[in-house]
file start.cif (mmCIF, C-alpha atoms)
data_input
#
loop_
_atom_site.label_atom_id
_atom_site.label_comp_id
_atom_site.auth_asym_id
_atom_site.auth_seq_id
_atom_site.Cartn_x
_atom_site.Cartn_y
_atom_site.Cartn_z
CA MET A 130 57.75 33.87 -43.88
CA THR A 131 58.59 36.21 -41.04
CA PHE A 132 57.21 35.69 -37.58
CA SER A 133 54.95 38.74 -37.93
CA LYS A 134 53.47 37.44 -41.21
CA LEU A 135 52.92 34.00 -39.66
CA SER A 136 51.09 35.53 -36.73
CA SER A 137 48.93 37.60 -39.05
CA THR A 138 48.02 34.55 -41.15
CA LEU A 139 47.10 32.47 -38.08
CA ALA A 140 44.95 35.30 -36.80
CA ARG A 141 43.06 35.47 -40.12
CA VAL A 142 42.60 31.65 -40.05
CA GLY A 143 41.29 31.83 -36.50
CA THR A 144 38.85 34.57 -37.45
CA LEU A 145 37.70 32.61 -40.48
CA SER A 146 37.28 29.41 -38.43
CA ALA A 147 35.24 31.24 -35.82
CA ALA A 148 33.05 32.72 -38.53
CA MET A 149 32.53 29.30 -40.11
CA LEU A 150 31.72 27.66 -36.75
CA ALA A 151 29.39 30.41 -35.56
CA PRO A 152 26.25 29.03 -37.28
CA ALA A 153 26.91 25.53 -35.89
CA ILE A 154 27.45 26.89 -32.41
CA ALA A 155 24.32 28.99 -32.64
CA PHE A 156 22.34 25.96 -33.86
CA ALA A 157 23.59 23.83 -30.97
CA GLN A 158 22.69 26.56 -28.50
CA ASP A 159 19.23 26.89 -30.01
CA ALA A 160 18.73 23.12 -29.89
CA THR A 161 19.76 23.05 -26.24
CA ALA A 162 17.43 25.90 -25.42
CA THR A 163 14.57 24.23 -27.29
CA ALA A 164 15.14 20.95 -25.48
CA ALA A 165 15.19 22.73 -22.15
CA ALA A 166 12.00 24.58 -23.02
CA ALA A 167 10.32 21.33 -24.11
CA ALA A 168 11.17 19.49 -20.88
CA PRO A 169 7.98 19.32 -18.76
CA VAL A 170 8.02 21.27 -15.52
CA PRO A 171 6.06 20.08 -12.46
CA ASP A 172 2.96 22.11 -11.70
CA LYS A 173 2.99 23.56 -8.19
CA GLY A 174 -0.65 22.60 -7.70
CA ASP A 175 0.05 18.95 -8.52
CA THR A 176 3.08 19.00 -6.25
CA ALA A 177 1.08 20.45 -3.34
CA PHE A 178 -1.70 17.92 -3.95
CA MET A 179 0.76 15.02 -3.81
CA PHE A 180 2.39 16.41 -0.68
CA ILE A 181 -0.98 16.51 1.10
CA SER A 182 -1.84 13.03 -0.18
CA THR A 183 1.46 11.68 1.14
CA ILE A 184 0.87 13.14 4.60
CA LEU A 185 -2.66 11.70 4.61
CA VAL A 186 -1.33 8.19 3.95
CA LEU A 187 1.12 8.61 6.84
CA PHE A 188 -1.89 9.66 8.95
CA MET A 189 -3.51 6.33 8.04
CA LEU A 190 -0.62 4.45 9.65
CA VAL A 191 0.06 6.60 12.71
CA PRO A 192 -2.22 7.13 14.42
CA GLY A 193 -5.06 5.68 12.29
CA LEU A 194 -4.22 2.00 11.86
CA ALA A 195 -2.45 1.84 15.22
CA LEU A 196 -5.57 3.04 17.07
CA PHE A 197 -7.90 0.90 14.97
CA TYR A 198 -5.98 -2.26 15.80
CA GLY A 199 -5.24 -1.09 19.34
CA GLY A 200 -8.93 -0.80 20.17
CA LEU A 201 -9.57 -4.32 18.84
CA VAL A 202 -7.15 -6.05 21.20
CA ARG A 203 -7.36 -6.46 24.97
CA ALA A 204 -6.21 -3.60 27.17
CA LYS A 205 -3.05 -5.42 28.23
CA ASN A 206 -1.85 -5.50 24.61
CA MET A 207 -2.78 -1.99 23.51
CA LEU A 208 0.72 -0.50 23.56
CA SER A 209 2.25 -3.51 21.86
CA VAL A 210 0.09 -2.88 18.79
CA LEU A 211 0.85 0.85 18.83
CA MET A 212 4.57 0.12 19.05
CA GLN A 213 4.53 -2.52 16.32
CA CYS A 214 2.77 -0.19 13.87
CA THR A 215 5.13 2.66 14.71
CA MET A 216 8.36 0.66 14.50
CA ILE A 217 7.39 -1.28 11.37
CA GLY A 218 6.54 1.98 9.61
CA ALA A 219 9.86 3.55 10.62
CA VAL A 220 11.95 0.54 9.54
CA VAL A 221 10.27 0.18 6.15
CA MET A 222 10.64 3.90 5.45
CA LEU A 223 14.42 3.55 5.76
CA LEU A 224 14.48 0.34 3.73
CA TRP A 225 12.52 2.17 1.04
CA VAL A 226 15.09 4.90 0.61
CA PHE A 227 18.00 2.43 0.93
CA TYR A 228 16.83 0.03 -1.76
CA GLY A 229 13.04 -0.39 -1.85
CA TYR A 230 12.39 2.49 -4.22
CA SER A 231 14.98 1.12 -6.59
CA PHE A 232 13.67 -2.45 -6.35
CA ALA A 233 10.16 -1.22 -7.20
CA PHE A 234 10.75 1.76 -9.51
CA GLY A 235 14.44 1.70 -10.34
CA GLY A 236 13.98 1.73 -14.10
CA GLY A 237 15.19 -1.81 -14.68
CA THR A 238 13.69 -3.83 -17.52
CA SER A 239 13.00 -6.96 -15.49
CA PRO A 240 9.30 -7.84 -15.15
CA TYR A 241 9.88 -8.78 -11.49
CA TRP A 242 12.00 -6.02 -9.94
CA GLY A 243 13.31 -2.57 -10.73
CA GLY A 244 17.04 -3.17 -10.31
CA THR A 245 19.66 -1.35 -8.25
CA ALA A 246 20.14 1.90 -10.20
CA LYS A 247 18.37 4.06 -7.62
CA MET A 248 19.63 2.44 -4.42
CA PHE A 249 20.22 5.01 -1.67
CA LEU A 250 18.24 7.40 -3.94
CA SER A 251 21.09 7.58 -6.41
CA GLY A 252 20.22 9.99 -9.18
CA VAL A 253 17.12 11.31 -7.41
CA SER A 254 17.30 15.05 -6.85
CA THR A 255 15.23 18.22 -6.71
CA SER A 256 15.47 18.48 -10.49
CA THR A 257 14.43 14.92 -11.42
CA THR A 258 10.79 14.19 -12.19
CA ALA A 259 8.36 11.27 -12.36
CA ALA A 260 5.73 10.85 -15.04
CA THR A 261 2.00 10.87 -14.30
CA PHE A 262 -0.83 9.36 -16.33
CA SER A 263 -1.10 12.45 -18.55
CA LYS A 264 1.36 12.93 -21.41
CA GLY A 265 3.78 15.75 -20.66
CA VAL A 266 2.70 16.09 -17.01
CA VAL A 267 5.27 15.33 -14.33
CA ILE A 268 5.74 15.70 -10.59
CA PRO A 269 8.99 16.00 -8.61
CA GLU A 270 10.54 12.56 -8.20
CA PHE A 271 11.04 13.20 -4.49
CA ILE A 272 7.30 13.46 -3.85
CA PHE A 273 6.56 10.39 -5.98
CA MET A 274 9.19 8.48 -4.02
CA LEU A 275 7.71 9.65 -0.70
CA PHE A 276 4.12 8.90 -1.71
CA GLN A 277 5.06 5.35 -2.63
CA MET A 278 7.10 5.10 0.58
CA THR A 279 4.00 5.63 2.71
CA PHE A 280 2.27 2.77 0.86
CA ALA A 281 5.26 0.54 1.54
CA ALA A 282 5.20 1.53 5.22
CA ILE A 283 1.52 0.89 5.95
CA THR A 284 1.14 -2.40 4.05
CA PRO A 285 3.28 -4.63 6.30
CA ALA A 286 1.76 -2.94 9.35
CA LEU A 287 -1.64 -4.19 8.19
CA ILE A 288 -0.37 -7.75 8.58
CA ILE A 289 0.26 -7.60 12.32
CA GLY A 290 -3.47 -7.40 13.09
CA ALA A 291 -3.78 -11.08 12.16
CA PHE A 292 -1.48 -12.34 14.93
CA ALA A 293 -1.68 -9.52 17.44
CA GLU A 294 -1.41 -10.33 21.16
CA ARG A 295 1.03 -13.24 20.85
CA ILE A 296 3.98 -12.42 18.57
CA LYS A 297 7.39 -11.25 19.72
CA PHE A 298 8.08 -7.59 19.01
CA GLY A 299 11.41 -8.35 17.33
CA ALA A 300 9.84 -11.13 15.28
CA ALA A 301 7.11 -8.81 13.99
CA VAL A 302 9.62 -6.14 12.96
CA LEU A 303 12.09 -8.59 11.37
CA PHE A 304 9.38 -10.40 9.46
CA CYS A 305 7.94 -7.17 8.09
CA ALA A 306 11.38 -5.95 7.01
CA LEU A 307 12.03 -9.21 5.15
CA TRP A 308 8.49 -9.31 3.77
CA ALA A 309 8.75 -5.77 2.38
CA THR A 310 12.00 -6.73 0.69
CA PHE A 311 11.02 -10.03 -0.89
CA VAL A 312 7.24 -9.70 -1.30
CA TYR A 313 6.02 -6.09 -1.33
CA PHE A 314 8.73 -4.44 -3.44
CA PRO A 315 8.55 -7.05 -6.24
CA ILE A 316 4.72 -7.04 -6.31
CA ALA A 317 4.69 -3.22 -6.41
CA HIS A 318 7.04 -3.37 -9.40
CA MET A 319 5.02 -6.04 -11.18
CA VAL A 320 1.74 -4.13 -10.82
CA TRP A 321 2.70 -0.44 -10.94
CA ASP A 322 5.95 -0.10 -12.86
CA SER A 323 5.69 0.23 -16.64
CA ASN A 324 8.10 -2.70 -17.04
CA GLY A 325 6.26 -4.89 -14.53
CA MET A 326 4.80 -8.20 -15.61
CA LEU A 327 1.23 -7.52 -14.49
CA PHE A 328 1.33 -3.89 -15.66
CA LYS A 329 2.25 -5.03 -19.16
CA MET A 330 -0.58 -7.55 -19.07
CA GLY A 331 -2.98 -4.66 -18.49
CA ALA A 332 -3.93 -5.39 -14.87
CA LEU A 333 -5.95 -2.57 -13.29
CA ASP A 334 -5.04 -1.65 -9.73
CA PHE A 335 -5.54 2.06 -9.19
CA ALA A 336 -4.40 2.31 -5.57
CA GLY A 337 -3.45 -1.12 -4.25
CA GLY A 338 -6.08 -3.86 -4.25
CA THR A 339 -3.45 -6.47 -5.09
CA VAL A 340 -0.28 -4.67 -3.96
CA VAL A 341 -1.62 -3.65 -0.55
CA HIS A 342 -4.73 -5.52 0.55
CA ILE A 343 -4.53 -8.99 -0.98
CA ASN A 344 -0.81 -8.95 -0.26
CA ALA A 345 -1.26 -8.05 3.42
CA GLY A 346 -4.30 -10.30 3.85
CA ILE A 347 -2.55 -13.42 2.56
CA ALA A 348 0.52 -12.72 4.70
CA GLY A 349 -1.85 -12.23 7.63
CA ILE A 350 -3.65 -15.56 7.34
CA VAL A 351 -0.38 -17.43 6.79
CA GLY A 352 0.99 -15.72 9.89
CA ALA A 353 -2.09 -16.46 11.99
CA LEU A 354 -1.75 -20.15 11.12
CA MET A 355 2.02 -20.35 11.63
CA VAL A 356 2.14 -18.28 14.83
CA GLY A 357 -0.81 -20.19 16.23
CA LYS A 358 -3.87 -19.32 18.27
CA ARG A 359 -3.83 -17.10 21.33
CA VAL A 360 -3.72 -18.81 24.72
CA GLY A 361 -7.33 -19.31 25.77
CA PHE A 362 -8.73 -18.70 22.29
CA GLY A 363 -12.32 -19.93 22.15
CA LYS A 364 -12.51 -20.11 25.95
CA ASP A 365 -11.52 -16.75 27.42
CA MET A 366 -13.21 -13.43 26.74
CA MET A 367 -11.20 -11.70 24.01
CA ALA A 368 -13.54 -8.88 23.03
CA PRO A 369 -12.10 -5.56 21.84
CA HIS A 370 -11.18 -3.43 24.83
CA SER A 371 -12.18 -0.07 23.31
CA MET A 372 -14.65 0.30 20.49
CA THR A 373 -14.24 4.05 20.98
CA LEU A 374 -10.60 3.88 19.88
CA THR A 375 -11.47 1.48 17.08
CA MET A 376 -14.04 3.97 15.81
CA VAL A 377 -11.53 6.81 16.05
CA GLY A 378 -8.90 4.77 14.23
CA ALA A 379 -11.31 3.66 11.49
CA SER A 380 -12.41 7.25 10.96
CA MET A 381 -8.79 8.34 10.63
CA LEU A 382 -8.29 5.58 8.07
CA TRP A 383 -11.25 6.87 6.05
CA VAL A 384 -9.92 10.44 6.10
CA GLY A 385 -6.40 9.32 5.22
CA TRP A 386 -7.71 7.03 2.49
CA PHE A 387 -8.53 10.07 0.35
CA GLY A 388 -4.79 10.61 0.07
CA PHE A 389 -4.37 6.91 -0.63
CA ASN A 390 -6.93 6.79 -3.45
CA ALA A 391 -7.06 10.31 -4.88
CA GLY A 392 -3.29 10.67 -4.60
CA SER A 393 -2.82 7.58 -6.75
CA ASN A 394 -4.00 9.72 -9.66
CA LEU A 395 -0.64 11.52 -9.25
CA GLU A 396 -2.08 14.89 -10.30
CA ALA A 397 -4.86 17.22 -9.13
CA SER A 398 -7.23 16.56 -12.02
CA GLY A 399 -10.68 15.17 -12.67
CA GLY A 400 -9.37 11.64 -12.15
CA ALA A 401 -8.44 12.50 -8.58
CA MET A 402 -11.90 13.92 -7.98
CA LEU A 403 -13.51 10.75 -9.36
CA ALA A 404 -11.41 8.73 -6.91
CA THR A 405 -12.55 11.08 -4.13
CA VAL A 406 -16.24 10.66 -4.98
CA ASN A 407 -15.88 6.89 -5.13
CA THR A 408 -14.04 6.78 -1.80
CA PHE A 409 -16.96 8.59 -0.21
CA VAL A 410 -19.85 6.62 -1.68
CA ALA A 411 -18.38 3.09 -1.69
CA THR A 412 -17.52 3.42 1.99
CA ALA A 413 -20.91 4.81 2.91
CA ALA A 414 -22.64 1.97 1.04
CA ALA A 415 -20.49 -0.64 2.77
CA ILE A 416 -21.24 0.74 6.25
CA ILE A 417 -24.98 0.60 5.54
CA SER A 418 -24.72 -2.84 3.98
CA TRP A 419 -22.78 -4.37 6.90
CA SER A 420 -25.23 -2.90 9.41
CA ILE A 421 -28.22 -4.30 7.49
CA VAL A 422 -26.63 -7.77 7.37
CA GLU A 423 -25.96 -7.66 11.11
CA THR A 424 -29.50 -6.53 11.84
CA PHE A 425 -30.88 -9.55 9.98
CA THR A 426 -28.39 -12.07 11.38
CA ARG A 427 -27.83 -10.80 14.94
CA GLY A 428 -30.83 -8.58 15.50
CA LYS A 429 -28.65 -5.53 16.17
CA ALA A 430 -26.21 -3.38 14.23
CA SER A 431 -22.91 -3.05 16.13
CA MET A 432 -20.26 -0.36 16.14
CA LEU A 433 -17.68 -3.06 15.40
CA GLY A 434 -19.74 -3.95 12.34
CA GLY A 435 -19.95 -0.32 11.29
CA ALA A 436 -16.17 0.07 11.55
CA SER A 437 -15.61 -3.23 9.74
CA GLY A 438 -17.95 -2.16 6.95
CA MET A 439 -16.12 1.14 6.70
CA VAL A 440 -12.79 -0.59 6.14
CA ALA A 441 -14.30 -3.22 3.82
CA GLY A 442 -15.74 -0.51 1.58
CA LEU A 443 -12.44 1.32 1.48
CA VAL A 444 -10.60 -1.89 0.61
CA ALA A 445 -13.02 -2.83 -2.17
CA VAL A 446 -12.92 0.56 -3.88
CA THR A 447 -9.13 0.94 -3.66
CA PRO A 448 -8.24 -0.86 -6.93
CA ALA A 449 -11.23 0.74 -8.68
CA ALA A 450 -11.16 4.29 -7.28
CA GLY A 451 -10.21 6.18 -10.43
CA ILE A 452 -11.56 3.59 -12.86
CA VAL A 453 -15.23 2.94 -12.05
CA GLY A 454 -18.11 5.40 -11.90
CA PRO A 455 -19.90 6.45 -8.69
CA MET A 456 -22.77 3.99 -9.21
CA GLY A 457 -20.25 1.21 -9.71
CA ALA A 458 -18.50 2.26 -6.51
CA ILE A 459 -21.79 2.10 -4.59
CA ALA A 460 -22.36 -1.40 -5.96
CA LEU A 461 -18.88 -2.38 -4.76
CA GLY A 462 -19.68 -1.13 -1.26
CA LEU A 463 -23.06 -2.84 -1.10
CA ILE A 464 -21.70 -6.22 -2.18
CA VAL A 465 -18.39 -6.34 -0.30
CA SER A 466 -19.84 -6.14 3.21
CA PRO A 467 -22.00 -9.30 3.07
CA LEU A 468 -19.06 -11.12 1.49
CA CYS A 469 -16.57 -10.04 4.18
CA TYR A 470 -19.15 -10.60 6.93
CA PHE A 471 -19.57 -14.19 5.76
CA PHE A 472 -15.83 -14.84 6.01
CA VAL A 473 -15.48 -13.05 9.35
CA SER A 474 -18.46 -14.69 11.08
CA VAL A 475 -18.96 -18.02 9.29
CA VAL A 476 -15.77 -19.17 7.58
CA LYS A 477 -13.52 -18.05 10.45
CA ASN A 478 -15.64 -19.95 13.00
CA LYS A 479 -15.92 -22.98 10.73
CA PHE A 480 -12.17 -23.42 10.36
CA GLY A 481 -11.24 -22.04 13.79
CA TYR A 482 -8.25 -19.92 12.81
CA ASP A 483 -7.33 -16.99 15.07
CA ASP A 484 -7.18 -13.87 12.90
CA THR A 485 -7.29 -11.27 15.68
CA ALA A 486 -8.35 -8.21 13.65
CA ASP A 487 -9.84 -10.07 10.66
CA VAL A 488 -7.07 -9.06 8.29
CA PHE A 489 -7.84 -11.98 6.00
CA GLY A 490 -11.62 -11.66 6.14
CA VAL A 491 -11.67 -7.94 5.38
CA HIS A 492 -8.47 -7.00 3.55
CA CYS A 493 -7.81 -10.13 1.54
CA ILE A 494 -11.41 -11.05 0.70
CA GLY A 495 -12.38 -7.42 0.15
CA GLY A 496 -9.25 -6.90 -1.95
CA ILE A 497 -9.92 -9.97 -4.12
CA PHE A 498 -13.51 -8.90 -4.69
CA GLY A 499 -12.48 -5.32 -5.47
CA ALA A 500 -9.76 -6.40 -7.90
CA LEU A 501 -12.08 -8.71 -9.84
CA ALA A 502 -15.02 -6.31 -9.76
CA THR A 503 -12.81 -3.52 -11.12
CA GLY A 504 -12.61 -5.52 -14.32
CA VAL A 505 -16.42 -5.49 -14.51
CA PHE A 506 -17.31 -1.97 -13.41
CA ALA A 507 -14.54 -0.38 -15.48
CA SER A 508 -16.89 -0.85 -18.42
CA ALA A 509 -18.09 2.42 -19.93
CA SER A 510 -21.58 0.91 -20.16
CA LEU A 511 -21.57 0.67 -16.33
CA GLY A 512 -20.23 4.19 -15.82
CA GLY A 513 -16.52 3.37 -15.75
CA VAL A 514 -13.72 4.91 -17.77
CA GLY A 515 -13.79 2.07 -20.28
CA TYR A 516 -11.25 -0.51 -21.42
CA ALA A 517 -8.17 -0.18 -23.57
CA GLU A 518 -8.66 -0.68 -27.29
CA GLY A 519 -9.44 -4.30 -28.11
CA VAL A 520 -10.11 -5.27 -24.48
CA THR A 521 -13.44 -6.76 -23.46
CA MET A 522 -14.99 -7.22 -20.04
CA SER A 523 -14.26 -10.94 -20.01
CA SER A 524 -10.65 -10.47 -21.08
CA GLN A 525 -10.12 -7.74 -18.47
CA VAL A 526 -11.60 -9.89 -15.71
CA THR A 527 -9.27 -12.71 -16.81
CA VAL A 528 -6.29 -10.37 -16.47
CA GLN A 529 -7.56 -9.25 -13.06
CA ALA A 530 -7.85 -12.87 -11.95
CA THR A 531 -4.30 -13.52 -13.14
CA ALA A 532 -3.06 -10.59 -11.04
CA VAL A 533 -4.96 -11.87 -8.00
CA ILE A 534 -3.62 -15.43 -8.35
CA THR A 535 -0.07 -14.19 -8.92
CA THR A 536 -0.22 -12.07 -5.78
CA ILE A 537 -1.67 -14.89 -3.70
CA LEU A 538 1.00 -17.36 -4.80
CA TRP A 539 3.96 -14.97 -4.57
CA CYS A 540 2.88 -13.66 -1.18
CA GLY A 541 1.65 -16.96 0.26
CA ILE A 542 4.77 -18.95 -0.57
CA GLY A 543 7.15 -16.10 0.19
CA SER A 544 5.47 -15.29 3.51
CA ALA A 545 5.53 -18.90 4.69
CA ILE A 546 9.26 -19.11 4.01
CA LEU A 547 9.95 -15.80 5.77
CA TYR A 548 7.92 -16.74 8.85
CA LYS A 549 9.95 -19.92 9.11
CA VAL A 550 13.21 -18.01 8.74
CA VAL A 551 12.21 -15.61 11.53
CA ASP A 552 11.08 -18.50 13.72
CA VAL A 553 14.47 -20.16 13.33
CA ILE A 554 16.38 -16.94 14.03
CA ILE A 555 14.51 -15.50 17.03
CA GLY A 556 11.24 -17.39 17.39
CA LEU A 557 7.78 -16.09 16.54
CA ARG A 558 5.83 -16.38 19.79
CA VAL A 559 6.25 -14.96 23.23
CA ALA A 560 6.20 -17.37 26.17
CA PRO A 561 2.74 -18.36 27.49
CA GLU A 562 3.44 -16.50 30.73
CA ALA A 563 4.24 -13.30 28.84
CA GLU A 564 1.10 -13.70 26.76
CA ARG A 565 -1.05 -14.06 29.87
CA GLU A 566 0.59 -11.05 31.48
CA GLY A 567 0.11 -8.98 28.35
CA LEU A 568 2.63 -7.80 25.80
CA ASP A 569 2.56 -4.22 27.03
CA LEU A 570 4.42 -5.12 30.20
CA ALA A 571 6.17 -8.25 28.96
CA SER A 572 7.61 -6.73 25.79
CA HIS A 573 7.74 -3.00 26.52
CA GLY A 574 7.70 -2.58 30.29
CA GLU A 575 4.80 -0.16 30.35
CA ALA A 576 1.02 -0.16 30.39
CA ALA A 577 -1.53 1.73 28.34
CA TYR A 578 -3.79 2.23 31.33
CA HIS A 579 -3.12 2.57 35.07
CA ASN A 580 -5.66 1.83 37.76
CA SER A 581 -5.92 4.68 40.23
#

call {"tool": "encode", "arguments": {"input": "start.cif", "output": "structure tokens"}}
result
Amino acid sequence: MTFSKLSSTLARVGTLSAAMLAPAIAFAQDATATAAAAAPVPDKGDTAFMFISTILVLFMLVPGLALFYGGLVRAKNMLSVLMQCTMIGAVVMLLWVFYGYSFAFGGGTSPYWGGTAKMFLSGVSTSTTAATFSKGVVIPEFIFMLFQMTFAAITPALIIGAFAERIKFGAAVLFCALWATFVYFPIAHMVWDSNGMLFKMGALDFAGGTVVHINAGIAGIVGALMVGKRVGFGKDMMAPHSMTLTMVGASMLWVGWFGFNAGSNLEASGGAMLATVNTFVATAAAIISWSIVETFTRGKASMLGGASGMVAGLVAVTPAAGIVGPMGAIALGLIVSPLCYFFVSVVKNKFGYDDTADVFGVHCIGGIFGALATGVFASASLGGVGYAEGVTMSSQVTVQATAVITTILWCGIGSAILYKVVDVIIGLRVAPEAEREGLDLASHGEAAYHNS
């Protein structure tokens, strides 16, 4: 065969091969196009809703929580509380993007942590998405990551209210960094990740009754006991220095809490609006309830009581926000205030522990009540969304109790160990002289207020 004939034959073979492969190539291209078309695309409205919700949760931390706690301490410690809230939030935000997001939502199959696949946000980009509670509905993974980051940032900051006015600044920051790593991230995975132990058990925690409030409250009481009482506790006047700022801070928390609760629906749908309604009415009921209890027990309704009731109602409705009906939410608010008031005014005095901002009495007790009551008021017969198939009220409450006990044990034991570690490394308490002078000057070299 001559070279020209060989070339001609090869050309015909190439043409024939291309013709034979054309249908397969076309099929593959069609399959790729179909797959691309079937991939869910985030809705811009849901994305905007989650962005606003994320910013609202940040608003809860700074300035909301910082001012709320700041008003509750003495004037000489105002800036120390503001600085602790600010620095703890900043540190945990970085830890979250370094490894916290991966430990909580990294896609690992462990029931206790999410693994290391998404450390340093590996694989997270503008094109990746996160699932919501509706089939086929997604949001950008970046906004899901950021929304959960604000939860991680505010939760350890809640703890510092329990031992405010006597802890070292470095000790508070180091403890919260360690606590976020070994307590918060695993609990968040167990409760909220689809592979988490408590999630698989069917535990209901819409926006953080166990993950945020019980978690922070237990760490707070353990810290109050291990750090010890303030110098002069029970003898000196330690009343809040500014109920005005406490009121401002509590109000900011209420406003920001709509992002906290409604945003936990992950999409701008009817579920988010149910959470919004419940966040309004449960809080209103708790304010009224606390004021009524104070009127009967003290003869007067105080602004401190009003602010405490506000936070108690928000705490109680958090795990139930998108699960119970409005009447159930009102019941939560009405019941939680007398319960928290009892722990704040009776139990605290009985046992003599120094929980400066009543983190245990409001967040932990309110969180426990809310988590358990969610199992009751989720019932469709009581206006809730109803239970999963085959689940009864008693079985759901049992699961809720298991989630509560698991959180208490994991957080209580873990927190005690971490406090001890911090105490060994840098010490927990400031010197008595620094405490008497005030942490504003002793720890930060500045004062919140200057006498003219």

call {"tool": "residues_around", "arguments": {"input": "start.cif", "residues": "Gly515 of chain A", "least_positions_apart": "5", "cutoff": "9 Å", "atoms": "all atoms listed in the file", "output": "list of chain:residue names"}}
result
A:Ile452, A:Val453, A:Phe506, A:Ala507, A:Ser508, A:Ala509, A:Ser510

call {"tool": "residues_around", "arguments": {"input": "start.cif", "residues": "Ala309 of chain A", "least_positions_apart": "4", "cutoff": "9 Å", "atoms": "only C-alpha atoms", "output": "PyMOL selection string"}}
result
chain A and resi 221+224-225+229+281-282+284-285+304-305+313-315

call {"tool": "write_last_selection", "arguments": {"input": "start.cif", "atoms": "C-alpha atoms", "output": "CSV table (one decimal), in the frame of the given file"}}
result
chain,number,residue,atom,x,y,z
A,221,VAL,CA,10.3,0.2,6.2
A,224,LEU,CA,14.5,0.3,3.7
A,225,TRP,CA,12.5,2.2,1.0
A,229,GLY,CA,13.0,-0.4,-1.8
A,281,ALA,CA,5.3,0.5,1.5
A,282,ALA,CA,5.2,1.5,5.2
A,284,THR,CA,1.1,-2.4,4.0
A,285,PRO,CA,3.3,-4.6,6.3
A,304,PHE,CA,9.4,-10.4,9.5
A,305,CYS,CA,7.9,-7.2,8.1
A,313,TYR,CA,6.0,-6.1,-1.3
A,314,PHE,CA,8.7,-4.4,-3.4
A,315,PRO,CA,8.6,-7.0,-6.2

call {"tool": "resolve_selection", "arguments": {"input": "start.cif", "expression": "the PyMOL selection byres ((chain A and resi 214) around 9)", "output": "PyMOL selection string"}}
result
chain A and resi 190-192+194-195+209-213+215-219+283+285-287+289

call {"tool": "residues_around", "arguments": {"input": "start.cif", "residues": "segment 371-381 of chain A", "least_positions_apart": "4", "cutoff": "9 Å", "atoms": "all atoms listed in the file", "output": "list in words"}}
result
Phe188, Met189, Pro192, Gly193, Leu194, Ala195, Leu196, Phe197, Tyr198, Gly199, Gly200, Leu201, Val202, Arg203, Ala204, Gly385, Trp386, Met432, Leu433, Gly435, Ala436, Ser437, Met439 and Val440 of chain A

call {"tool": "resolve_selection", "arguments": {"input": "start.cif", "expression": "the PyMOL selection byres ((chain A and resi 460) around 10)", "output": "ChimeraX atom specification"}}
result
/A:410-411,414-415,446,454-459,461-465,502,506

call {"tool": "resolve_selection", "arguments": {"input": "start.cif", "expression": "the PyMOL selection byres ((chain A and resi 406) around 10)", "output": "list in words"}}
result
Phe387, Ala391, Gly400, Ala401, Met402, Leu403, Ala404, Thr405, Asn407, Thr408, Phe409, Val410, Ala411, Ala450, Gly451, Gly454, Pro455 and Ala458 of chain A

call {"tool": "write_last_selection", "arguments": {"input": "start.cif", "atoms": "C-alpha atoms", "output": "PDB file, in the coordinates of the input"}}
result
ATOM      1  CA  PHE A 387      -8.530  10.070   0.350  1.00  0.00           C
ATOM      2  CA  ALA A 391      -7.060  10.310  -4.880  1.00  0.00           C
ATOM      3  CA  GLY A 400      -9.370  11.640 -12.150  1.00  0.00           C
ATOM      4  CA  ALA A 401      -8.440  12.500  -8.580  1.00  0.00           C
ATOM      5  CA  MET A 402     -11.900  13.920  -7.980  1.00  0.00           C
ATOM      6  CA  LEU A 403     -13.510  10.750  -9.360  1.00  0.00           C
ATOM      7  CA  ALA A 404     -11.410   8.730  -6.910  1.00  0.00           C
ATOM      8  CA  THR A 405     -12.550  11.080  -4.130  1.00  0.00           C
ATOM      9  CA  ASN A 407     -15.880   6.890  -5.130  1.00  0.00           C
ATOM     10  CA  THR A 408     -14.040   6.780  -1.800  1.00  0.00           C
ATOM     11  CA  PHE A 409     -16.960   8.590  -0.210  1.00  0.00           C
ATOM     12  CA  VAL A 410     -19.850   6.620  -1.680  1.00  0.00           C
ATOM     13  CA  ALA A 411     -18.380   3.090  -1.690  1.00  0.00           C
ATOM     14  CA  ALA A 450     -11.160   4.290  -7.280  1.00  0.00           C
ATOM     15  CA  GLY A 451     -10.210   6.180 -10.430  1.00  0.00           C
ATOM     16  CA  GLY A 454     -18.110   5.400 -11.900  1.00  0.00           C
ATOM     17  CA  PRO A 455     -19.900   6.450  -8.690  1.00  0.00           C
ATOM     18  CA  ALA A 458     -18.500   2.260  -6.510  1.00  0.00           C
TER      19      ALA A 458
END

call {"tool": "residues_around", "arguments": {"input": "start.cif", "residues": "Thr257 of chain A", "least_positions_apart": "3", "cutoff": "9 Å", "atoms": "all atoms listed in the file", "output": "compact mmCIF listing (two decimals) with C-alpha atoms, in the coordinates of the input"}}
result
# COMPACT_ATOMS: atom_id res chain seq x y z
CA GLY A 252 20.22 9.99 -9.18
CA VAL A 253 17.12 11.31 -7.41
CA SER A 254 17.30 15.05 -6.85
CA ILE A 268 5.74 15.70 -10.59
CA PRO A 269 8.99 16.00 -8.61
CA GLU A 270 10.54 12.56 -8.20
CA PHE A 271 11.04 13.20 -4.49

call {"tool": "closest_residue", "arguments": {"input": "start.cif", "among": "A:Lys205, A:His492, A:Lys477, A:Arg427", "to": "Glu294 of chain A", "atoms": "all atoms listed in the file"}}
result
A:Lys205

call {"tool": "residues_near_point", "arguments": {"input": "start.cif", "point": "(6.4, -6.6, 26.6)", "cutoff": "12 Å", "atoms": "all atoms listed in the file", "output": "number ranges by chain"}}
result
A: 205-210, 212-213, 294-299, 558-560, 562-577
